[in-house]
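A short write-up of the structure that comes next.
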Amino acid sequence: MMRPMSDLDTSPGAGRRLSAFISHHSSQVAVARRLKGLLRERGIDGWLAPDDIAAGTAFDQAILDQIARSDAIVLLFCAQSDQSRHVKRELMLGEDGDKVILPVRLEDVSAQGLAYWLKDYQWIDWFAGEEQAVERIVAAMTGAPAKAARAAPVLAAALAPLQRPHRVAPCSRGWARLRWRLWSRAASGGWAVPERAVAILMPPSRTTPSNPASGRASAKS
């Protein structure tokens with residue numbers, strides 16, 4: 001029986017980087033390469049065939065050796081990989097090696113050919129946002145909190161000066177640009193926005209007075 005994500009040993013030897021075996025169908029090699037690069041930026045080595053198989057090395061033996069060395073198998077799931085005998089063998093080897101399996105859905109399709117192997121797993125949805133999916137993979141492999149949770153203190157610090165009117169005029173253009181920038185970043189990055197900050201960051205209404213000139217005239221009188 002394959003281990004759940006929570007059982008992953010997140011204490012590699014000193015100086016050793018974590019390694020992920022990226023199981024994928026050949027039609028999704030571009031996504032596999034993209035994922036490998038994103039993992040590398042976060043300190044995790046990705047491995048995929050045929051890119052990482054040295055010339056003259058037996059294909060099957062290279063896969064056997066790499067699965068044995070990897071800390072986790074990241075399965076890029078799609079309709080094609082669901083029916084792939086090679087992907088199924090890699091999952092079976094992962095089970096034999098007591099590896100953690102991290103299934104990443106590239107498409108919103110249900111497992112059929114691999115349903116037996118993947119039934120009990122929590123899916124990671126690539127199509128819901130690749131950055132969020134990568135952060136979940138990294139969190140599962142390292143035991144670190146998700147990026148959204150780590151971002152909350154950063155957002156709170158960024159909001160602190162905005163709550164001092166003498167530093168930033170609420171009606172200034174600079175204030176509006178800064179507010180929109182923070183709000184957009186919080187929304188796209190999945191940040192947990194503190195309730196007290198919602199009123200500060202909430203984009204202003206786009207409705208305008210019916211007669212702005214009369215408002216200015218009243219202000220001068």
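Convention: chains lettered A, B, ... in structure tokens order; per-chain residue numbering from 1; ligands numbered from 1 as shown.
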Which residues are near region 19-29 of chain A? Cut-off 6 Å, only C-alpha atoms, ignore same chain within fewer than 4 positions. Put them as a PyMOL selection string.
chain A and resi 44-48+70-76+81
Writer output for current selection, N, CA and C atoms, as a tab-separated table (two decimals), in the first residue's frame:
chain	number	residue	atom	x	y	z
A	44	ILE	N	14.32	21.76	-5.29
A	44	ILE	CA	14.00	20.35	-5.46
A	44	ILE	C	14.40	19.93	-6.87
A	45	ASP	N	15.13	18.82	-6.97
A	45	ASP	CA	15.54	18.31	-8.27
A	45	ASP	C	14.43	17.46	-8.88
A	46	GLY	N	14.06	17.79	-10.11
A	46	GLY	CA	13.10	16.97	-10.84
A	46	GLY	C	13.82	16.08	-11.84
A	47	TRP	N	13.24	14.92	-12.10
A	47	TRP	CA	13.85	13.98	-13.05
A	47	TRP	C	12.75	13.47	-13.96
A	48	LEU	N	13.03	13.46	-15.28
A	48	LEU	CA	12.05	12.91	-16.20
A	48	LEU	C	12.75	12.25	-17.37
A	70	SER	N	14.53	8.58	-5.71
A	70	SER	CA	13.66	9.74	-5.55
A	70	SER	C	12.93	9.74	-4.20
A	71	ASP	N	12.61	10.93	-3.74
A	71	ASP	CA	11.86	11.08	-2.49
A	71	ASP	C	10.35	10.98	-2.72
A	72	ALA	N	9.91	11.29	-3.94
A	72	ALA	CA	8.49	11.23	-4.25
A	72	ALA	C	8.32	11.09	-5.75
A	73	ILE	N	7.15	10.57	-6.14
A	73	ILE	CA	6.78	10.49	-7.55
A	73	ILE	C	5.66	11.48	-7.80
A	74	VAL	N	5.91	12.42	-8.70
A	74	VAL	CA	4.88	13.38	-9.09
A	74	VAL	C	4.26	12.89	-10.39
A	75	LEU	N	3.00	12.48	-10.32
A	75	LEU	CA	2.30	11.97	-11.49
A	75	LEU	C	1.53	13.09	-12.17
A	76	LEU	N	1.89	13.38	-13.43
A	76	LEU	CA	1.14	14.34	-14.22
A	76	LEU	C	-0.01	13.59	-14.89
A	81	SER	N	-2.19	9.72	-19.86
A	81	SER	CA	-1.42	9.01	-18.84
A	81	SER	C	-2.30	8.00	-18.09
What's around Ile137 (chain A) at 9 Å? Count only C-alpha atoms, leave out sequence neighbours fewer than 2 positions away in its own chain, and write the answer as a ChimeraX atom specification.
/A:39,74,102,104,124,132-135,139-142
Writing out the chosen residues with C-alpha atoms as an mmCIF file, in the first residue's frame:
data_model
loop_
_atom_site.group_PDB
_atom_site.id
_atom_site.type_symbol
_atom_site.label_atom_id
_atom_site.label_comp_id
_atom_site.auth_asym_id
_atom_site.auth_seq_id
_atom_site.Cartn_x
_atom_site.Cartn_y
_atom_site.Cartn_z
ATOM 1 C CA LEU A 39 10.820 22.758 -8.670
ATOM 2 C CA VAL A 74 4.882 13.381 -9.089
ATOM 3 C CA LEU A 102 1.669 13.158 -5.613
ATOM 4 C CA VAL A 104 -1.266 16.356 -10.308
ATOM 5 C CA ILE A 124 -3.354 18.664 -6.864
ATOM 6 C CA GLN A 132 -0.333 27.115 -6.451
ATOM 7 C CA ALA A 133 0.117 23.504 -7.607
ATOM 8 C CA VAL A 134 3.915 23.750 -7.344
ATOM 9 C CA GLU A 135 3.680 25.257 -3.865
ATOM 10 C CA ALA A 139 4.906 21.780 0.869
ATOM 11 C CA ALA A 140 4.155 18.052 0.666
ATOM 12 C CA MET A 141 7.817 17.205 0.055
ATOM 13 C CA THR A 142 9.412 19.576 2.558
#
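Closest approach to Gln80 (chain A) from the set A:Asp120, A:Asp51, A:Glu107, A:Glu131 is made by A:Glu107, with distances taken over only C-alpha atoms.
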Do you know which residues are at most 9 Å from Ala79 (chain A) counting only C-alpha atoms, after dropping those on the same chain fewer than 6 positions away, and could you put them as a list in words?
Leu106, Glu107, Val109, Ser110, Ala111 and Gln112 of chain A
Quick one, how far is CA of Leu93 (chain A) from CA of Gly129 (chain A)?
29.0 Å
